[in-house]
Structure formats: C-alpha cells, structure tokens
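To be precise, the following lines are my_file.json, and they hold JSON, C-alpha atoms.
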```json
[["chain", "number", "residue", "atom", "x", "y", "z"],
["T", 1, "MET", "CA", 13.37, 22.87, -32.95],
["T", 2, "ALA", "CA", 9.80, 22.59, -31.66],
["T", 3, "ILE", "CA", 9.32, 19.77, -29.19],
["T", 4, "THR", "CA", 6.06, 18.13, -30.22],
["T", 5, "ALA", "CA", 3.94, 15.63, -28.31],
["T", 6, "ALA", "CA", 4.70, 13.09, -31.04],
["T", 7, "LEU", "CA", 8.46, 13.43, -30.44],
["T", 8, "VAL", "CA", 8.00, 13.02, -26.70],
["T", 9, "LYS", "CA", 5.82, 9.95, -27.27],
["T", 10, "GLU", "CA", 8.39, 8.39, -29.60],
["T", 11, "LEU", "CA", 11.24, 8.91, -27.12],
["T", 12, "ARG", "CA", 9.17, 7.54, -24.25],
["T", 13, "GLU", "CA", 8.37, 4.38, -26.22],
["T", 14, "SER", "CA", 11.97, 3.81, -27.26],
["T", 15, "THR", "CA", 13.52, 4.39, -23.81],
["T", 16, "GLY", "CA", 10.72, 3.63, -21.34],
["T", 17, "VAL", "CA", 11.27, 6.85, -19.36],
["T", 18, "GLY", "CA", 8.53, 9.12, -18.05],
["T", 19, "MET", "CA", 6.95, 11.92, -20.05],
["T", 20, "MET", "CA", 8.69, 14.75, -18.19],
["T", 21, "ASP", "CA", 12.10, 13.09, -18.50],
["T", 22, "ALA", "CA", 11.56, 12.51, -22.23],
["T", 23, "LYS", "CA", 10.52, 16.12, -22.78],
["T", 24, "LYS", "CA", 13.49, 17.43, -20.79],
["T", 25, "ALA", "CA", 15.90, 15.30, -22.79],
["T", 26, "LEU", "CA", 14.51, 16.62, -26.07],
["T", 27, "VAL", "CA", 14.69, 20.22, -24.85],
["T", 28, "GLU", "CA", 18.32, 19.72, -23.78],
["T", 29, "THR", "CA", 19.26, 18.27, -27.18],
["T", 30, "ASP", "CA", 17.14, 20.55, -29.39],
["T", 31, "GLY", "CA", 14.87, 17.72, -30.48],
["T", 32, "ASP", "CA", 17.63, 15.35, -31.66],
["T", 33, "MET", "CA", 16.20, 11.89, -30.91],
["T", 34, "GLU", "CA", 19.54, 10.06, -30.84],
["T", 35, "ALA", "CA", 21.21, 12.71, -28.72],
["T", 36, "ALA", "CA", 18.21, 12.72, -26.39],
["T", 37, "SER", "CA", 18.54, 8.96, -25.88],
["T", 38, "ASP", "CA", 22.24, 9.40, -25.10],
["T", 39, "TRP", "CA", 21.43, 12.23, -22.70],
["T", 40, "LEU", "CA", 19.03, 9.96, -20.84],
["T", 41, "ARG", "CA", 21.68, 7.27, -20.64],
["T", 42, "THR", "CA", 24.24, 9.69, -19.18],
["T", 43, "LYS", "CA", 21.71, 10.65, -16.52],
["T", 44, "GLY", "CA", 21.06, 7.02, -15.70],
["T", 45, "LEU", "CA", 17.40, 7.34, -16.67],
["T", 46, "ALA", "CA", 17.43, 4.90, -19.55],
["T", 47, "LYS", "CA", 19.12, 2.39, -17.29],
["T", 48, "ALA", "CA", 16.31, 2.88, -14.79],
["T", 49, "ALA", "CA", 13.71, 2.41, -17.49],
["T", 50, "LYS", "CA", 15.08, -1.05, -18.34],
["T", 51, "LYS", "CA", 14.29, -2.12, -14.79],
["T", 52, "ALA", "CA", 10.68, -0.94, -14.97],
["T", 53, "GLY", "CA", 9.32, -4.33, -16.02],
["T", 54, "ARG", "CA", 10.72, -6.15, -13.00],
["T", 55, "THR", "CA", 8.37, -6.94, -10.14],
["T", 56, "ALA", "CA", 8.75, -4.65, -7.12],
["T", 57, "ALA", "CA", 6.87, -6.27, -4.26],
["T", 58, "GLU", "CA", 9.17, -5.51, -1.31],
["T", 59, "GLY", "CA", 10.02, -2.11, 0.19],
["T", 60, "LEU", "CA", 8.55, -0.04, 3.01],
["T", 61, "VAL", "CA", 5.36, 1.55, 4.28],
["T", 62, "ALA", "CA", 5.88, 4.92, 5.93],
["T", 63, "VAL", "CA", 3.42, 6.81, 8.15],
["T", 64, "ALA", "CA", 3.34, 10.45, 9.21],
["T", 65, "VAL", "CA", 0.91, 12.57, 11.24],
["T", 66, "THR", "CA", 0.43, 16.31, 11.47],
["T", 67, "GLY", "CA", -2.42, 17.86, 13.43],
["T", 68, "GLY", "CA", -5.58, 15.93, 12.65],
["T", 69, "LYS", "CA", -4.29, 14.30, 9.47],
["T", 70, "GLY", "CA", -2.36, 11.08, 9.01],
["T", 71, "ILE", "CA", -0.88, 9.59, 5.84],
["T", 72, "ALA", "CA", 0.52, 6.20, 4.90],
["T", 73, "VAL", "CA", 2.55, 5.59, 1.74],
["T", 74, "GLU", "CA", 3.97, 2.43, 0.19],
["T", 75, "VAL", "CA", 7.19, 2.57, -1.81],
["T", 76, "ASN", "CA", 8.20, -0.74, -3.37],
["T", 77, "SER", "CA", 11.55, -2.24, -4.30],
["T", 78, "GLU", "CA", 12.49, -5.58, -5.80],
["T", 79, "THR", "CA", 14.23, -7.01, -2.74],
["T", 80, "ASP", "CA", 13.86, -6.83, 1.00],
["T", 81, "PHE", "CA", 17.55, -5.92, 1.16],
["T", 82, "VAL", "CA", 16.86, -2.47, -0.34],
["T", 83, "GLY", "CA", 14.25, -1.84, 2.36],
["T", 84, "LYS", "CA", 17.11, -1.96, 4.86],
["T", 85, "ASN", "CA", 19.21, 0.49, 2.84],
["T", 86, "ALA", "CA", 19.64, 3.85, 4.64],
["T", 87, "GLU", "CA", 19.56, 5.76, 1.34],
["T", 88, "PHE", "CA", 16.25, 4.15, 0.38],
["T", 89, "GLN", "CA", 14.83, 4.75, 3.86],
["T", 90, "GLN", "CA", 15.78, 8.43, 3.72],
["T", 91, "MET", "CA", 13.97, 8.77, 0.38],
["T", 92, "VAL", "CA", 10.84, 7.02, 1.71],
["T", 93, "GLY", "CA", 10.82, 9.30, 4.75],
["T", 94, "GLY", "CA", 11.02, 12.35, 2.47],
["T", 95, "ILE", "CA", 8.16, 11.03, 0.33],
["T", 96, "ALA", "CA", 6.02, 10.57, 3.46],
["T", 97, "LYS", "CA", 6.62, 14.20, 4.46],
["T", 98, "ALA", "CA", 5.71, 15.37, 0.96],
["T", 99, "ALA", "CA", 2.52, 13.29, 1.14],
["T", 100, "LEU", "CA", 1.22, 15.35, 4.08],
["T", 101, "GLY", "CA", 0.56, 18.20, 1.66],
["T", 102, "VAL", "CA", -1.37, 16.26, -1.02],
["T", 103, "SER", "CA", -4.52, 14.16, -1.26],
["T", 104, "ASP", "CA", -3.69, 11.29, -3.62],
["T", 105, "VAL", "CA", -0.80, 9.33, -5.10],
["T", 106, "GLU", "CA", -0.93, 11.15, -8.45],
["T", 107, "ALA", "CA", -0.46, 14.50, -6.71],
["T", 108, "LEU", "CA", 2.27, 12.96, -4.58],
["T", 109, "ALA", "CA", 4.22, 11.84, -7.65],
["T", 110, "ALA", "CA", 4.24, 15.46, -8.82],
["T", 111, "ALA", "CA", 4.90, 16.98, -5.38],
["T", 112, "ASP", "CA", 8.16, 18.83, -4.72],
["T", 113, "MET", "CA", 10.88, 17.00, -2.84],
["T", 114, "GLY", "CA", 14.10, 18.93, -2.52],
["T", 115, "GLY", "CA", 13.53, 20.84, -5.76],
["T", 116, "LYS", "CA", 12.44, 17.82, -7.84],
["T", 117, "PRO", "CA", 9.12, 16.01, -8.33],
["T", 118, "VAL", "CA", 8.86, 12.85, -6.23],
["T", 119, "SER", "CA", 8.62, 10.78, -9.43],
["T", 120, "GLU", "CA", 12.00, 12.13, -10.59],
["T", 121, "VAL", "CA", 13.60, 11.49, -7.19],
["T", 122, "LEU", "CA", 12.39, 7.91, -7.45],
["T", 123, "THR", "CA", 13.78, 7.52, -10.98],
["T", 124, "ASP", "CA", 17.15, 8.85, -9.86],
["T", 125, "LYS", "CA", 17.20, 6.37, -6.97],
["T", 126, "ILE", "CA", 16.44, 3.46, -9.34],
["T", 127, "ALA", "CA", 19.52, 4.38, -11.32],
["T", 128, "THR", "CA", 21.65, 4.78, -8.18],
["T", 129, "ILE", "CA", 20.59, 1.66, -6.29],
["T", 130, "GLY", "CA", 20.03, -0.54, -9.32],
["T", 131, "GLU", "CA", 16.58, -1.95, -8.59],
["T", 132, "ASN", "CA", 13.14, -1.20, -9.91],
["T", 133, "MET", "CA", 11.08, 0.87, -7.45],
["T", 134, "SER", "CA", 7.56, 2.25, -7.49],
["T", 135, "LEU", "CA", 5.42, 4.69, -5.58],
["T", 136, "ARG", "CA", 2.47, 2.35, -5.27],
["T", 137, "ARG", "CA", -0.19, 4.03, -3.13],
["T", 138, "MET", "CA", -1.06, 6.38, -0.32],
["T", 139, "ALA", "CA", -3.99, 6.72, 2.07],
["T", 140, "THR", "CA", -5.13, 9.37, 4.53],
["T", 141, "VAL", "CA", -7.30, 9.62, 7.63],
["T", 142, "GLU", "CA", -8.54, 12.64, 9.56],
["T", 143, "GLY", "CA", -9.94, 13.10, 13.07],
["T", 144, "ASN", "CA", -9.54, 15.06, 16.29],
["T", 145, "VAL", "CA", -6.93, 12.51, 17.37],
["T", 146, "VAL", "CA", -4.79, 10.66, 14.80],
["T", 147, "VAL", "CA", -2.29, 8.02, 15.94],
["T", 148, "SER", "CA", 0.25, 6.05, 13.90],
["T", 149, "TYR", "CA", 1.93, 2.73, 14.55],
["T", 150, "VAL", "CA", 4.52, 0.72, 12.62],
["T", 151, "HIS", "CA", 4.87, -2.99, 13.28],
["T", 152, "ASN", "CA", 8.51, -4.18, 13.42],
["T", 153, "ALA", "CA", 9.83, -0.78, 12.33],
["T", 154, "ALA", "CA", 12.87, -0.80, 10.03],
["T", 155, "ALA", "CA", 13.47, 2.89, 10.79],
["T", 156, "ASP", "CA", 11.56, 5.70, 12.47],
["T", 157, "GLY", "CA", 8.01, 5.78, 11.07],
["T", 158, "MET", "CA", 8.48, 3.00, 8.50],
["T", 159, "GLY", "CA", 8.37, -0.76, 8.24],
["T", 160, "LYS", "CA", 6.42, -3.65, 6.70],
["T", 161, "ILE", "CA", 3.05, -2.76, 8.24],
["T", 162, "GLY", "CA", 1.88, 0.79, 8.91],
["T", 163, "VAL", "CA", -1.34, 1.68, 10.72],
["T", 164, "LEU", "CA", -3.25, 4.94, 11.24],
["T", 165, "VAL", "CA", -6.21, 5.40, 13.56],
["T", 166, "ALA", "CA", -8.47, 8.47, 13.54],
["T", 167, "MET", "CA", -10.70, 9.18, 16.55],
["T", 168, "ASN", "CA", -12.97, 11.80, 17.96],
["T", 169, "GLY", "CA", -12.15, 11.89, 21.67],
["T", 170, "GLY", "CA", -9.92, 9.44, 23.49],
["T", 171, "ASP", "CA", -6.18, 9.83, 23.85],
["T", 172, "GLU", "CA", -2.99, 8.77, 22.09],
["T", 173, "ALA", "CA", -2.38, 5.83, 24.43],
["T", 174, "PHE", "CA", -5.72, 4.24, 23.58],
["T", 175, "GLY", "CA", -5.24, 5.04, 19.89],
["T", 176, "LYS", "CA", -1.90, 3.21, 19.96],
["T", 177, "GLN", "CA", -3.59, 0.14, 21.46],
["T", 178, "VAL", "CA", -6.21, 0.18, 18.69],
["T", 179, "ALA", "CA", -3.51, 0.59, 16.05],
["T", 180, "MET", "CA", -1.65, -2.43, 17.43],
["T", 181, "HIS", "CA", -4.91, -4.40, 17.37],
["T", 182, "ILE", "CA", -5.43, -3.46, 13.71],
["T", 183, "ALA", "CA", -1.90, -4.53, 12.80],
["T", 184, "ALA", "CA", -2.52, -7.95, 14.38],
["T", 185, "ALA", "CA", -6.19, -8.60, 13.52],
["T", 186, "ASN", "CA", -6.28, -7.06, 10.01],
["T", 187, "PRO", "CA", -9.99, -6.10, 9.88],
["T", 188, "GLN", "CA", -11.59, -5.73, 6.46],
["T", 189, "SER", "CA", -13.57, -2.59, 7.33],
["T", 190, "LEU", "CA", -14.46, -0.23, 10.17],
["T", 191, "ASN", "CA", -18.03, -1.52, 10.54],
["T", 192, "GLU", "CA", -20.75, -3.38, 8.65],
["T", 193, "ALA", "CA", -21.85, -0.24, 6.79],
["T", 194, "SER", "CA", -18.40, 0.24, 5.27],
["T", 195, "LEU", "CA", -17.85, -3.41, 4.34],
["T", 196, "ASP", "CA", -17.90, -4.18, 0.62],
["T", 197, "PRO", "CA", -21.48, -5.35, -0.20],
["T", 198, "ALA", "CA", -20.05, -7.95, -2.59],
["T", 199, "VAL", "CA", -18.09, -9.52, 0.29],
["T", 200, "VAL", "CA", -21.21, -9.62, 2.47],
["T", 201, "GLU", "CA", -23.33, -11.14, -0.29],
["T", 202, "LYS", "CA", -20.73, -13.78, -1.13],
["T", 203, "GLU", "CA", -20.46, -14.86, 2.52],
["T", 204, "ARG", "CA", -24.25, -14.93, 2.89],
["T", 205, "SER", "CA", -24.51, -17.13, -0.20],
["T", 206, "ILE", "CA", -21.91, -19.58, 1.11],
["T", 207, "LEU", "CA", -23.51, -19.75, 4.56],
["T", 208, "THR", "CA", -26.96, -20.25, 3.01],
["T", 209, "GLU", "CA", -25.76, -23.22, 0.99],
["T", 210, "GLN", "CA", -24.08, -24.71, 4.05],
["T", 211, "ALA", "CA", -27.22, -24.28, 6.14],
["T", 212, "ARG", "CA", -29.48, -25.85, 3.51],
["T", 213, "GLU", "CA", -27.24, -28.90, 3.30],
["T", 214, "SER", "CA", -28.13, -29.59, 6.93],
["T", 215, "GLY", "CA", -31.62, -30.59, 5.79],
["T", 216, "LYS", "CA", -33.28, -28.63, 8.58],
["T", 217, "PRO", "CA", -36.59, -26.70, 8.22],
["T", 218, "GLU", "CA", -36.48, -23.32, 6.48],
["T", 219, "SER", "CA", -37.33, -21.40, 9.67],
["T", 220, "ILE", "CA", -34.33, -22.92, 11.45],
["T", 221, "ILE", "CA", -32.11, -22.34, 8.42],
["T", 222, "GLU", "CA", -32.94, -18.63, 8.50],
["T", 223, "ASN", "CA", -31.88, -18.38, 12.13],
["T", 224, "MET", "CA", -28.70, -20.34, 11.38],
["T", 225, "ILE", "CA", -27.82, -17.89, 8.61],
["T", 226, "LYS", "CA", -28.48, -14.87, 10.82],
["T", 227, "GLY", "CA", -26.32, -16.26, 13.62],
["T", 228, "ARG", "CA", -23.45, -17.17, 11.31],
["T", 229, "MET", "CA", -23.58, -13.80, 9.53],
["T", 230, "LYS", "CA", -23.45, -12.03, 12.89],
["T", 231, "LYS", "CA", -20.34, -14.03, 13.79],
["T", 232, "PHE", "CA", -18.76, -13.29, 10.41],
["T", 233, "LEU", "CA", -19.35, -9.53, 10.73],
["T", 234, "ALA", "CA", -17.88, -9.56, 14.23],
["T", 235, "GLU", "CA", -14.75, -11.25, 12.90],
["T", 236, "VAL", "CA", -14.08, -8.96, 9.92],
["T", 237, "THR", "CA", -15.13, -5.48, 11.14],
["T", 238, "LEU", "CA", -12.87, -3.50, 13.45],
["T", 239, "LEU", "CA", -15.60, -2.34, 15.81],
["T", 240, "GLY", "CA", -17.05, -5.85, 16.07],
["T", 241, "GLN", "CA", -13.79, -7.66, 16.79],
["T", 242, "ASP", "CA", -12.73, -8.75, 20.27],
["T", 243, "PHE", "CA", -10.15, -6.23, 21.47],
["T", 244, "VAL", "CA", -6.74, -7.94, 21.64],
["T", 245, "ILE", "CA", -5.82, -5.88, 24.71],
["T", 246, "ASN", "CA", -8.96, -7.05, 26.53],
["T", 247, "PRO", "CA", -10.82, -9.87, 24.72],
["T", 248, "ASP", "CA", -13.79, -9.50, 27.09],
["T", 249, "LEU", "CA", -14.67, -6.31, 25.18],
["T", 250, "THR", "CA", -15.25, -5.57, 21.53],
["T", 251, "VAL", "CA", -13.20, -2.73, 20.06],
["T", 252, "GLU", "CA", -16.38, -0.64, 19.95],
["T", 253, "ALA", "CA", -17.06, -1.24, 23.65],
["T", 254, "ALA", "CA", -13.43, -0.52, 24.57],
["T", 255, "ALA", "CA", -13.59, 2.75, 22.63],
["T", 256, "LYS", "CA", -16.76, 3.76, 24.46],
["T", 257, "ASP", "CA", -15.07, 3.09, 27.80],
["T", 258, "ALA", "CA", -12.13, 5.23, 26.68],
["T", 259, "GLY", "CA", -14.41, 8.10, 25.65],
["T", 260, "ALA", "CA", -13.44, 7.68, 22.01],
["T", 261, "GLU", "CA", -15.24, 7.26, 18.70],
["T", 262, "ILE", "CA", -13.13, 5.53, 16.06],
["T", 263, "VAL", "CA", -13.96, 7.26, 12.77],
["T", 264, "GLY", "CA", -11.42, 5.74, 10.41],
["T", 265, "TYR", "CA", -8.28, 3.68, 10.04],
["T", 266, "VAL", "CA", -5.69, 2.57, 7.52],
["T", 267, "ARG", "CA", -3.72, -0.66, 7.59],
["T", 268, "MET", "CA", -1.11, -0.84, 4.84],
["T", 269, "GLU", "CA", 1.20, -3.82, 4.40],
["T", 270, "VAL", "CA", 4.08, -3.98, 1.96],
["T", 271, "GLY", "CA", 3.32, -5.98, -1.16],
["T", 272, "GLU", "CA", -0.25, -7.00, -0.32],
["T", 273, "GLY", "CA", -2.12, -7.77, -3.52],
["T", 274, "ILE", "CA", 1.01, -7.91, -5.69],
["T", 275, "GLU", "CA", 1.56, -11.18, -7.50],
["T", 276, "LYS", "CA", 5.19, -12.06, -6.91],
["T", 277, "GLU", "CA", 7.22, -13.91, -9.50],
["T", 278, "GLU", "CA", 8.33, -17.32, -8.25],
["T", 279, "THR", "CA", 11.76, -18.29, -9.53],
["T", 280, "ASP", "CA", 13.34, -21.74, -9.47],
["T", 281, "PHE", "CA", 16.98, -20.89, -8.77],
["T", 282, "ALA", "CA", 18.19, -24.47, -9.36],
["T", 283, "ALA", "CA", 16.46, -24.57, -12.75],
["T", 284, "GLU", "CA", 18.00, -21.23, -13.71],
["T", 285, "VAL", "CA", 21.51, -22.49, -12.87],
["T", 286, "ALA", "CA", 20.93, -25.74, -14.78],
["T", 287, "ALA", "CA", 19.71, -23.80, -17.81],
["T", 288, "ALA", "CA", 22.77, -21.55, -17.69],
["T", 289, "VAL", "CA", 25.10, -24.60, -17.56],
["T", 290, "ARG", "CA", 23.38, -26.15, -20.57],
["T", 291, "GLY", "CA", 23.82, -22.85, -22.40]]
```
Using structure tokens, write down the structure from this file.
Amino acid sequence: MAITAALVKELRESTGVGMMDAKKALVETDGDMEAASDWLRTKGLAKAAKKAGRTAAEGLVAVAVTGGKGIAVEVNSETDFVGKNAEFQQMVGGIAKAALGVSDVEALAAADMGGKPVSEVLTDKIATIGENMSLRRMATVEGNVVVSYVHNAAADGMGKIGVLVAMNGGDEAFGKQVAMHIAAANPQSLNEASLDPAVVEKERSILTEQARESGKPESIIENMIKGRMKKFLAEVTLLGQDFVINPDLTVEAAAKDAGAEIVGYVRMEVGEGIEKEETDFAAEVAAAVRG
C-alpha cells in the first residue's frame, strides 16, 4: 500500500509521534492505521508522545570544543532528578559530540548518533526513562582560542550553566577566567554594538523620565541621562563590566593586558525563559481525597 502524506499526518495527529516515526510505523504495517498505532505502542513511542505536553524545564547544558569551534546544547527533562541520571547524561554527552558537526538545532535533531537521528534517540529515552524531554537549543562560537566552562558540573562537560568564550590571542587560562566571570555576571551582550537596540531604547526612556522628574534644567538632564546610560552599558555588556578576578579592571582592559581580543561568547543556563508550571501539592492531595 502506498504511504501517503495524508496517512502520515493522520497517524501523527492520533498518536503525537514525530513524522519519521509515523512514516516508519506505516511502512512496517503496510499502511494499516490500527496496526501502525499498535506498532508504535510496542516500541514505546506512543507512550513517549503522551508525555510531550508536559513541561520540561530541568535537564542539562553540555559544552564541547574542537579546534577553533565550541558548541553548547540544552537538553531538557521534567525533573532535576533525571539530570543526575547517568543514562540521561550519557545521551546528552553524545548529543553534544554530534552537535560539533552541525550548525543549528534543526540539523542536530537530524544528525546521526549511533546509527539513529538524535531526535529518535531522544524519543527512545523518553520511553525508557518515563519523562518528557526536549532538545531545546544549541549555540556556537568560533575563534583562534575557544574555552569552555561548566558551573557546578553534574558530569564532565555538563551542568546547569555552560559557558563558551572565543578569543583571538590570549591563552586558555585567561579564557577560563573570562568564562567564570560570564557565568557569575551574566552579561546581556559582548559590547554596546551587539546589545539589542530595543533594550537600549527602553532603558534610555526610563532614565529620561527619571531625570525629568528631578525638575532640573534640560542641559543638566541631558548630562544625567548620558552618565546613567554609560553606567548601564558598563553593567550589562561583557567588555564593560568590572572583571570579577580583578575589579580594578574592566573585562576589556584585562583582555588587552592578556594579549587577547574577546570576539564572542555563549552563556546557556538550563530552563532560562521557560515558564514553569507551579503546582500546589496540598491542593492536589485534597482534591484526590474529595474524589
């Protein structure tokens, strides 16, 4: 029987599995929809699909470096407990290695990992471990010197916060110091030029209103705004921040002393930007008692 796109779509909608899994199930069962659903169940894929709606905001960030390229990937799970699971950690480490050969998360999902696409390895692990998981994002940096750092590592090269620093010049020791600074200070951008213009404009607007409320002359207000914007940019840009290793220097000045030019960085923290579901455990128990 011909496996049409319509059949694949119908099976995907009824089971929640991915397109490739749906197509494979239909091929294996000669297009029989009911048999294909059963096939998915026997493989644990339908079970995994049922978990897809649950929020996965925990997990691990993994970093890897080869030559002048560094990658960071985030793989999420529902609970922090799974992040400590050796089986999960092994999978995340494998995904990080696969990421070194691709440029974005879509290509990573399709990349080979032990004879299977990464997306399929992830689906299999959902069925095995019993929690929803997701390959959320990846980022890359390139430079003559690329250094990685993981804050509070759960295993080699992975933890809750992963940092990459790319430099032209300098050495690994200085790069590690900068990476530790980034983990702690969490800059919004490398420099003023790379800062989101909307963020700059919003801050300028707020500072302008604050300055005008002082009732001072316009000429003084302008200087107040300039001074406060300068302070703001120093606080949120990596190169403008005071270096945590030596607060007497900015990161830019410290890099110059070290013979380095910082050309890029990545700071990736597990779950940032994900809205977590808040559950009232006592209320759930009370509701269960009431029936």
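For the set T:Met158, T:Met268, T:Thr128, T:Gly68, the residue with the smallest atom-to-atom gap to Gln90 (chain T) is T:Met158, counting all atoms listed in the file.
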List the neighbours of Asp242 (chain T) out to 12 Å using only C-alpha atoms; skip same-chain residues closer than 5 positions along the sequence, and give me the result as a PDB file with C-alpha atoms, in the coordinates of the input.
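out-v1.pdb, written as the output of this step:
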```
ATOM      1  CA  VAL T 178      -6.210   0.180  18.690  1.00  0.00           C
ATOM      2  CA  HIS T 181      -4.910  -4.400  17.370  1.00  0.00           C
ATOM      3  CA  ILE T 182      -5.430  -3.460  13.710  1.00  0.00           C
ATOM      4  CA  ALA T 184      -2.520  -7.950  14.380  1.00  0.00           C
ATOM      5  CA  ALA T 185      -6.190  -8.600  13.520  1.00  0.00           C
ATOM      6  CA  PRO T 187      -9.990  -6.100   9.880  1.00  0.00           C
ATOM      7  CA  LYS T 231     -20.340 -14.030  13.790  1.00  0.00           C
ATOM      8  CA  LEU T 233     -19.350  -9.530  10.730  1.00  0.00           C
ATOM      9  CA  ALA T 234     -17.880  -9.560  14.230  1.00  0.00           C
ATOM     10  CA  GLU T 235     -14.750 -11.250  12.900  1.00  0.00           C
ATOM     11  CA  VAL T 236     -14.080  -8.960   9.920  1.00  0.00           C
ATOM     12  CA  THR T 237     -15.130  -5.480  11.140  1.00  0.00           C
ATOM     13  CA  PRO T 247     -10.820  -9.870  24.720  1.00  0.00           C
ATOM     14  CA  ASP T 248     -13.790  -9.500  27.090  1.00  0.00           C
ATOM     15  CA  LEU T 249     -14.670  -6.310  25.180  1.00  0.00           C
ATOM     16  CA  THR T 250     -15.250  -5.570  21.530  1.00  0.00           C
ATOM     17  CA  VAL T 251     -13.200  -2.730  20.060  1.00  0.00           C
ATOM     18  CA  GLU T 252     -16.380  -0.640  19.950  1.00  0.00           C
ATOM     19  CA  ALA T 253     -17.060  -1.240  23.650  1.00  0.00           C
ATOM     20  CA  ALA T 254     -13.430  -0.520  24.570  1.00  0.00           C
ATOM     21  CA  ALA T 255     -13.590   2.750  22.630  1.00  0.00           C
TER      22      ALA T 255
END
```
Task: Two-atom distance - CA of Ala86 (chain T), CA of Lys125 (chain T) (Å) - done: 12.1 Å
Open item on the list: Applying 7 Å and all atoms listed in the file, which residues near region 260-265 of chain T remain after dropping the ones on its own chain fewer than 6 positions away? List them as a VMD selection string.
Closed with: chain T and resid 141 164 to 170 190
TODO: Would you mind telling me which residue in T:Ala193, T:Ile129, T:Met180, T:Leu7 lies nearest to Val150 (chain T) when using only C-alpha atoms?
DONE: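 Smallest separation from Val150 (chain T) among the options: T:Met180.
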Open item on the list: From the options T:Asp38, T:Glu272, T:Asp80, T:Asp257, which residue's atoms come nearest to Arg136 (chain T), counting only C-alpha atoms?
Closed with: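 That would be T:Glu272, the residue with the smallest distance to Arg136 (chain T).
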Open item on the list: Please determine, counting only C-alpha atoms, which residue among T:Glu222, T:Glu87, T:Glu120, T:Glu58 has the shortest atom-to-atom distance to Ala22 (chain T).
Closed with: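 Distance minimum relative to Ala22 (chain T) lands on T:Glu120.
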Open item on the list: Just the number, please: distance in Å from CA of Asp30 (chain T) to CA of Met1 (chain T), one decimal.
Closed with: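 So the answer is 5.7 Å.
Comparing T:Val270, T:Met138, T:Ala198, T:Ala183 by their smallest distance to Asp104 (chain T), the closest is T:Met138 (using all atoms listed in the file).
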How big is the axis-aligned box, and where does its centre sit, when it encloses all atoms of region 30-42 of chain T listed in the file and has 8 Å added on every side, reported in Å to one decimal as AutoDock Vina command-line options?
```
--center_x 19.6 --center_y 13.9 --center_z -25.4 --size_x 25.4 --size_y 29.3 --size_z 28.5
```
Open item on the list: If I take CA of Ala99 (chain T) and CA of Ile71 (chain T), how far is one from the other in Å, to one decimal?
Closed with: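 Atom-to-atom, CA of Ala99 (chain T) and CA of Ile71 (chain T) are spaced 6.9 Å apart.
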Task: Nearest residue to Gln241 (chain T) from the set T:Ser205, T:Gly175, T:Pro197, T:Asn191 (distances using only C-alpha atoms) - done: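 With only C-alpha atoms as the atom set, the closest residue is T:Asn191.
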Open item on the list: Need to verify the contact set: Glu172 (chain T), 9 Å, all atoms listed in the file, exclusion of same-chain residues closer than 3 positions in sequence. Can you return it as a count of residues only?
Closed with: 6
- [ ] List the neighbours of region 108-116 of chain T out to 12 Å using all atoms listed in the file; skip same-chain residues closer than 3 positions along the sequence, and give me the result as an MDAnalysis selection string.
- [x] chainID T and resid 18 20:21 71:75 90:105 119:124 134:139
Open item on the list: For a cutoff of 7 Å around the file-coordinate point (10.7, 0.2, -0.3), which residues qualify once you count all atoms listed in the file? I'd like the result as a VMD selection string.
Closed with: chain T and resid 58 to 60 75 to 77 82 to 83 88
